[in-house]
file upload10.csv (CSV, C-alpha atoms)
chain,number,residue,atom,x,y,z
E,1,MET,CA,-43.5,48.0,21.7
E,2,ILE,CA,-44.1,51.7,22.4
E,3,TYR,CA,-42.6,54.7,20.6
E,4,SER,CA,-39.7,54.8,23.0
E,5,ASP,CA,-38.6,51.2,22.3
E,6,ILE,CA,-38.9,51.6,18.5
E,7,ALA,CA,-37.0,54.8,18.5
E,8,VAL,CA,-34.1,53.3,20.5
E,9,ALA,CA,-34.1,50.2,18.3
E,10,ALA,CA,-34.1,52.4,15.1
E,11,VAL,CA,-31.0,54.3,16.3
E,12,PHE,CA,-29.4,51.0,17.3
E,13,VAL,CA,-30.0,49.5,13.9
E,14,ALA,CA,-28.9,52.7,12.0
E,15,VAL,CA,-25.7,52.9,14.1
E,16,CYS,CA,-24.9,49.2,13.6
E,17,VAL,CA,-25.5,49.4,9.8
E,18,ASP,CA,-23.3,52.6,9.6
E,19,LEU,CA,-20.4,51.1,11.7
E,20,PHE,CA,-20.4,47.5,10.6
E,21,ILE,CA,-22.0,47.3,7.1
E,22,PHE,CA,-21.2,50.5,5.3
E,23,LYS,CA,-17.5,51.1,4.8
E,24,ASN,CA,-16.2,54.6,5.8
E,25,SER,CA,-18.7,55.0,8.7
E,26,LEU,CA,-20.4,58.4,8.7
E,27,LEU,CA,-20.3,58.4,12.5
E,28,THR,CA,-16.5,58.8,12.4
E,29,ARG,CA,-16.6,61.7,10.0
E,30,LEU,CA,-16.6,65.4,10.8
E,31,ALA,CA,-18.8,66.1,7.8
E,32,PHE,CA,-21.6,64.1,9.2
E,33,TRP,CA,-21.5,65.7,12.6
E,34,LEU,CA,-21.3,69.2,11.1
E,35,SER,CA,-24.4,68.4,9.0
E,36,TYR,CA,-26.2,67.0,12.0
E,37,MET,CA,-25.4,70.1,14.0
E,38,ILE,CA,-26.9,72.2,11.2
E,39,ILE,CA,-30.0,69.9,11.0
E,40,LEU,CA,-30.7,69.7,14.7
E,41,PRO,CA,-31.9,73.3,15.4
E,42,PHE,CA,-34.1,73.0,12.3
E,43,GLN,CA,-35.5,69.8,13.6
E,44,LEU,CA,-36.2,71.4,17.0
E,45,MET,CA,-38.0,74.3,15.2
E,46,THR,CA,-40.2,72.0,13.1
E,47,ASN,CA,-40.8,69.7,16.1
E,48,TRP,CA,-42.0,72.7,18.1
E,49,TRP,CA,-44.3,73.8,15.2
E,50,LEU,CA,-45.9,70.3,15.0
E,51,THR,CA,-46.2,69.5,18.7
E,52,HIS,CA,-46.9,72.7,20.7
E,53,LEU,CA,-50.5,73.2,21.8
E,54,ARG,CA,-52.5,75.6,19.7
E,55,SER,CA,-55.4,77.8,20.8
E,56,ASP,CA,-57.8,74.9,20.4
E,57,GLY,CA,-55.8,73.0,23.0
E,58,LYS,CA,-54.4,70.6,20.4
E,59,ALA,CA,-51.2,70.2,18.5
E,60,ILE,CA,-50.9,69.2,14.9
E,61,VAL,CA,-49.3,65.9,16.0
E,62,MET,CA,-50.2,64.4,19.4
E,63,TYR,CA,-48.8,61.4,21.3
E,64,ASP,CA,-50.3,58.8,23.5
E,65,PRO,CA,-48.9,59.5,27.0
E,66,ASP,CA,-48.4,55.7,27.5
E,67,SER,CA,-46.3,55.4,24.4
E,68,ILE,CA,-43.6,58.0,25.3
E,69,THR,CA,-41.3,58.6,28.3
E,70,GLY,CA,-42.8,62.0,28.8
E,71,TYR,CA,-39.5,63.9,28.5
E,72,ARG,CA,-40.0,66.7,26.0
E,73,ILE,CA,-37.6,69.0,24.2
E,74,ALA,CA,-39.0,72.0,22.2
E,75,ALA,CA,-42.5,70.7,23.0
E,76,ALA,CA,-41.8,67.3,21.2
E,77,PRO,CA,-41.1,64.0,22.8
E,78,ILE,CA,-37.4,63.3,23.2
E,79,GLU,CA,-38.0,60.2,21.1
E,80,ASP,CA,-38.4,62.4,18.1
E,81,LEU,CA,-34.7,63.3,18.3
E,82,LEU,CA,-33.9,59.6,18.1
E,83,PHE,CA,-36.3,59.2,15.3
E,84,GLY,CA,-34.7,62.1,13.4
E,85,PHE,CA,-31.1,60.9,14.1
E,86,ALA,CA,-31.9,57.4,12.7
E,87,LEU,CA,-33.6,58.9,9.6
E,88,VAL,CA,-30.8,61.4,8.9
E,89,LEU,CA,-28.0,58.9,9.5
E,90,SER,CA,-29.5,56.1,7.4
E,91,VAL,CA,-30.4,58.3,4.4
E,92,MET,CA,-27.0,60.0,4.3
E,93,GLY,CA,-25.3,56.6,4.8
E,94,LEU,CA,-27.2,55.1,1.8
E,95,TRP,CA,-26.4,58.3,-0.2
E,96,GLU,CA,-22.7,57.8,0.5
E,97,PHE,CA,-23.0,54.1,-0.1
E,98,TRP,CA,-24.2,54.7,-3.7
E,99,GLY,CA,-21.5,57.3,-4.2
E,100,ARG,CA,-18.8,54.9,-3.2
E,101,ARG,CA,-20.2,52.4,-5.6
E,102,GLY,CA,-19.7,55.0,-8.3
E,103,PHE,CA,-23.4,55.6,-8.9
E,104,GLN,CA,-23.8,59.2,-9.8
E,105,ARG,CA,-20.8,59.8,-7.7
E,106,ASN,CA,-19.6,63.1,-9.0
E,107,LYS,CA,-21.4,66.3,-9.8
E,108,ILE,CA,-22.9,66.5,-13.2
E,109,SER,CA,-21.4,69.4,-15.0
E,110,ARG,CA,-23.3,71.0,-17.8
Y,1,MET,CA,-43.5,72.9,8.1
Y,2,LEU,CA,-42.8,71.1,4.9
Y,3,ALA,CA,-42.5,74.4,3.1
Y,4,PHE,CA,-40.1,75.6,5.7
Y,5,THR,CA,-37.9,72.6,5.2
Y,6,VAL,CA,-37.9,73.1,1.4
Y,7,CYS,CA,-37.1,76.8,1.8
Y,8,GLY,CA,-34.4,76.0,4.4
Y,9,SER,CA,-32.5,73.4,2.3
Y,10,PHE,CA,-33.3,73.5,-1.4
Y,11,TRP,CA,-31.5,76.8,-2.0
Y,12,LEU,CA,-28.3,74.7,-1.4
Y,13,GLU,CA,-28.9,73.1,-4.7
Y,14,ILE,CA,-28.9,76.4,-6.6
Y,15,VAL,CA,-26.5,78.5,-4.6
Y,16,LEU,CA,-23.9,75.9,-3.7
Y,17,LYS,CA,-24.6,73.8,-6.8
Y,18,THR,CA,-24.8,70.6,-4.7
Y,19,ASN,CA,-26.2,68.8,-7.7
Y,20,VAL,CA,-28.4,66.6,-5.5
Y,21,LEU,CA,-31.6,67.1,-7.4
Y,22,ARG,CA,-29.8,66.7,-10.7
Y,23,ARG,CA,-28.5,63.3,-9.3
Y,24,TRP,CA,-32.1,62.4,-8.6
Y,25,LYS,CA,-31.7,58.7,-9.3
Y,26,ARG,CA,-29.0,58.4,-6.5
Y,27,ALA,CA,-31.2,60.5,-4.3
Y,28,LEU,CA,-34.3,58.3,-4.9
Y,29,LEU,CA,-32.3,55.1,-4.3
Y,30,SER,CA,-31.1,56.6,-1.0
Y,31,ILE,CA,-34.5,57.9,0.1
Y,32,LEU,CA,-37.0,55.3,-0.9
Y,33,PRO,CA,-35.6,52.2,0.9
Y,34,ILE,CA,-35.3,54.2,4.2
Y,35,SER,CA,-38.6,56.0,3.8
Y,36,THR,CA,-40.3,52.7,3.2
Y,37,LEU,CA,-39.0,51.4,6.6
Y,38,PHE,CA,-40.0,54.6,8.3
Y,39,LEU,CA,-43.5,54.5,6.7
Y,40,ILE,CA,-44.0,51.0,8.0
Y,41,TRP,CA,-43.1,52.3,11.4
Y,42,ASP,CA,-45.5,55.2,10.8
Y,43,ALA,CA,-48.3,52.8,9.9
Y,44,TYR,CA,-47.7,50.7,13.0
Y,45,ALA,CA,-47.5,53.8,15.2
Y,46,ILE,CA,-50.8,55.2,13.8
Y,47,ALA,CA,-52.5,51.8,14.1
Y,48,GLN,CA,-51.3,51.4,17.7
Y,49,GLY,CA,-52.2,55.1,18.5
Y,50,HIS,CA,-48.6,56.0,19.5
Y,51,TRP,CA,-49.2,59.3,17.7
Y,52,PHE,CA,-52.2,60.8,16.0
Y,53,PHE,CA,-53.0,63.9,14.0
Y,54,ASN,CA,-55.3,66.8,14.5
Y,55,ARG,CA,-57.6,66.2,11.6
Y,56,ASP,CA,-58.8,69.8,11.5
Y,57,ARG,CA,-55.3,70.8,10.6
Y,58,MET,CA,-54.6,68.2,7.9
Y,59,LEU,CA,-55.2,68.4,4.2
Y,60,GLY,CA,-57.5,65.5,4.7
Y,61,ILE,CA,-56.0,63.2,2.1
Y,62,TYR,CA,-55.1,59.7,3.4
Y,63,GLY,CA,-53.1,57.0,1.8
Y,64,PRO,CA,-52.8,53.3,2.7
Y,65,PHE,CA,-52.9,52.4,6.4
Y,66,ASP,CA,-54.5,55.8,7.2
Y,67,ILE,CA,-51.2,57.6,6.6
Y,68,PRO,CA,-51.8,61.2,5.8
Y,69,LEU,CA,-50.4,62.7,2.5
Y,70,GLU,CA,-48.3,65.0,4.7
Y,71,GLU,CA,-46.4,62.0,6.1
Y,72,PHE,CA,-45.5,60.7,2.6
Y,73,LEU,CA,-44.2,64.1,1.7
Y,74,PHE,CA,-42.4,64.3,5.0
Y,75,PHE,CA,-40.5,61.2,4.2
Y,76,ILE,CA,-39.3,62.5,0.8
Y,77,ILE,CA,-38.6,66.1,1.7
Y,78,VAL,CA,-36.8,65.6,5.0
Y,79,PRO,CA,-34.4,63.0,3.7
Y,80,MET,CA,-33.8,65.2,0.7
Y,81,ALA,CA,-33.0,68.1,3.0
Y,82,ALA,CA,-30.5,65.8,4.9
Y,83,ILE,CA,-28.7,64.9,1.7
Y,84,LEU,CA,-28.6,68.5,0.6
Y,85,THR,CA,-27.2,69.5,4.0
Y,86,ILE,CA,-24.3,67.0,3.9
Y,87,GLU,CA,-23.6,67.8,0.2
Y,88,GLY,CA,-23.7,71.5,1.2
Y,89,VAL,CA,-21.2,71.0,3.9
Y,90,THR,CA,-18.8,69.0,1.7
Y,91,THR,CA,-19.2,71.6,-1.1
Y,92,VAL,CA,-18.2,74.4,1.3
Y,93,LYS,CA,-15.5,72.4,3.0
Y,94,PRO,CA,-14.1,70.3,0.1
Y,95,HIS,CA,-11.2,69.0,2.2
Y,96,LEU,CA,-13.8,67.1,4.3
Y,97,ARG,CA,-14.8,65.3,1.1
Y,98,GLU,CA,-11.3,64.6,-0.1
Y,99,LYS,CA,-10.1,63.4,3.3
Y,100,GLU,CA,-13.2,61.4,4.3
Y,101,PHE,CA,-15.4,60.7,1.3
Y,102,GLY,CA,-13.3,60.8,-1.8
Y,103,LYS,CA,-10.5,58.3,-1.6
Y,104,ASP,CA,-11.3,57.0,-5.1
Y,105,GLU,CA,-12.7,60.2,-6.5
Y,106,LYS,CA,-11.3,61.1,-9.9
call {"tool": "encode", "arguments": {"input": "upload10.csv", "output": "structure tokens"}}
result
Amino acid sequence: MIYSDIAVAAVFVAVCVDLFIFKNSLLTRLAFWLSYMIILPFQLMTNWWLTHLRSDGKAIVMYDPDSITGYRIAAAPIEDLLFGFALVLSVMGLWEFWGRRGFQRNKISR
Amino acid sequence: MLAFTVCGSFWLEIVLKTNVLRRWKRALLSILPISTLFLIWDAYAIAQGHWFFNRDRMLGIYGPFDIPLEEFLFFIIVPMAAILTIEGVTTVKPHLREKEFGKDEK
């Protein structure tokens, strides 16, 4: 499997878990999509920072051309956006899962 | 890049009082299982050469499976930023929380 395959699989798993295992799917909620729209430009900025070629002809993170489709957005492989989406969705999903279970659900006032 | 992410998101904890860092047990239980899966992916990708790092621009500290320290920090800070973002959104727009998150909230 190359990066592209794993990235698609990760999104597929994250979406399935969100829709079918967690109750109150994040994907159906405005709050999730608003958050993702805030996160996306920041991801593009940090992706660019990590993957654009520097004066030494290298980036901080580089990719095997045979492991990616070759489509790039903000210097980074398009797969990175799938990677980020799966990461953000699954972490927020688990956070909400614990909240619904009543674990440190509400803000702690002091 | 990690500092940028911290600066970009952690102020939400203070200004909006999102209370995510104060609820660190819930945050850790949300982050660690997911980060573990992504670090397994990372280890596999590094081993297969899907991606590699410019070693001149790294701290030079490597953990198990040749995963750089920066990657471990990435998989703590970025998920934390994600949680802070959604908590920030629902703090500013509480009706989104009541309608969508808070059926059984007291």
call {"tool": "atom_distance", "arguments": {"input": "upload10.csv", "atom1": "atom CA of Asn47 of chain E", "atom2": "atom CA of Asp56 of chain Y"}}
result
18.6 Å
call {"tool": "closest_residue", "arguments": {"input": "upload10.csv", "among": "Y:Leu16, Y:Ala43, Y:Ala82, Y:Ala3", "to": "chain E", "atoms": "only C-alpha atoms"}}
result
Y:Ala82
call {"tool": "atom_distance", "arguments": {"input": "upload10.csv", "atom1": "atom CA of Met37 of chain E", "atom2": "atom CA of Glu87 of chain Y"}}
result
14.1 Å
call {"tool": "residues_around", "arguments": {"input": "upload10.csv", "residues": "Ala7 of chain E", "least_positions_apart": "2", "cutoff": "12 Å", "atoms": "only C-alpha atoms", "output": "PDB file with C-alpha atoms, keeping the file's coordinate frame"}}
result
ATOM      1  CA  MET E   1     -43.500  48.000  21.700  1.00  0.00           C
ATOM      2  CA  ILE E   2     -44.100  51.700  22.400  1.00  0.00           C
ATOM      3  CA  TYR E   3     -42.600  54.700  20.600  1.00  0.00           C
ATOM      4  CA  SER E   4     -39.700  54.800  23.000  1.00  0.00           C
ATOM      5  CA  ASP E   5     -38.600  51.200  22.300  1.00  0.00           C
ATOM      6  CA  ALA E   9     -34.100  50.200  18.300  1.00  0.00           C
ATOM      7  CA  ALA E  10     -34.100  52.400  15.100  1.00  0.00           C
ATOM      8  CA  VAL E  11     -31.000  54.300  16.300  1.00  0.00           C
ATOM      9  CA  PHE E  12     -29.400  51.000  17.300  1.00  0.00           C
ATOM     10  CA  VAL E  13     -30.000  49.500  13.900  1.00  0.00           C
ATOM     11  CA  ALA E  14     -28.900  52.700  12.000  1.00  0.00           C
ATOM     12  CA  SER E  67     -46.300  55.400  24.400  1.00  0.00           C
ATOM     13  CA  ILE E  68     -43.600  58.000  25.300  1.00  0.00           C
ATOM     14  CA  THR E  69     -41.300  58.600  28.300  1.00  0.00           C
ATOM     15  CA  PRO E  77     -41.100  64.000  22.800  1.00  0.00           C
ATOM     16  CA  ILE E  78     -37.400  63.300  23.200  1.00  0.00           C
ATOM     17  CA  GLU E  79     -38.000  60.200  21.100  1.00  0.00           C
ATOM     18  CA  ASP E  80     -38.400  62.400  18.100  1.00  0.00           C
ATOM     19  CA  LEU E  81     -34.700  63.300  18.300  1.00  0.00           C
ATOM     20  CA  LEU E  82     -33.900  59.600  18.100  1.00  0.00           C
ATOM     21  CA  PHE E  83     -36.300  59.200  15.300  1.00  0.00           C
ATOM     22  CA  GLY E  84     -34.700  62.100  13.400  1.00  0.00           C
ATOM     23  CA  PHE E  85     -31.100  60.900  14.100  1.00  0.00           C
ATOM     24  CA  ALA E  86     -31.900  57.400  12.700  1.00  0.00           C
ATOM     25  CA  LEU E  87     -33.600  58.900   9.600  1.00  0.00           C
TER      26      LEU E  87
ATOM     27  CA  PHE Y  38     -40.000  54.600   8.300  1.00  0.00           C
ATOM     28  CA  TRP Y  41     -43.100  52.300  11.400  1.00  0.00           C
ATOM     29  CA  ASP Y  42     -45.500  55.200  10.800  1.00  0.00           C
ATOM     30  CA  ALA Y  45     -47.500  53.800  15.200  1.00  0.00           C
ATOM     31  CA  HIS Y  50     -48.600  56.000  19.500  1.00  0.00           C
TER      32      HIS Y  50
END
call {"tool": "interface_residues", "arguments": {"input": "upload10.csv", "of": "chain E", "to": "chain Y", "cutoff": "7 Å", "atoms": "all atoms listed in the file", "output": "ChimeraX atom specification"}}
result
/E:2-3,29,31-32,35,46,59-64,67,88,90-92,94-95,98,103-104,107-108
call {"tool": "atom_distance", "arguments": {"input": "upload10.csv", "atom1": "atom CA of Leu19 of chain E", "atom2": "atom CA of Leu39 of chain Y"}}
result
23.9 Å
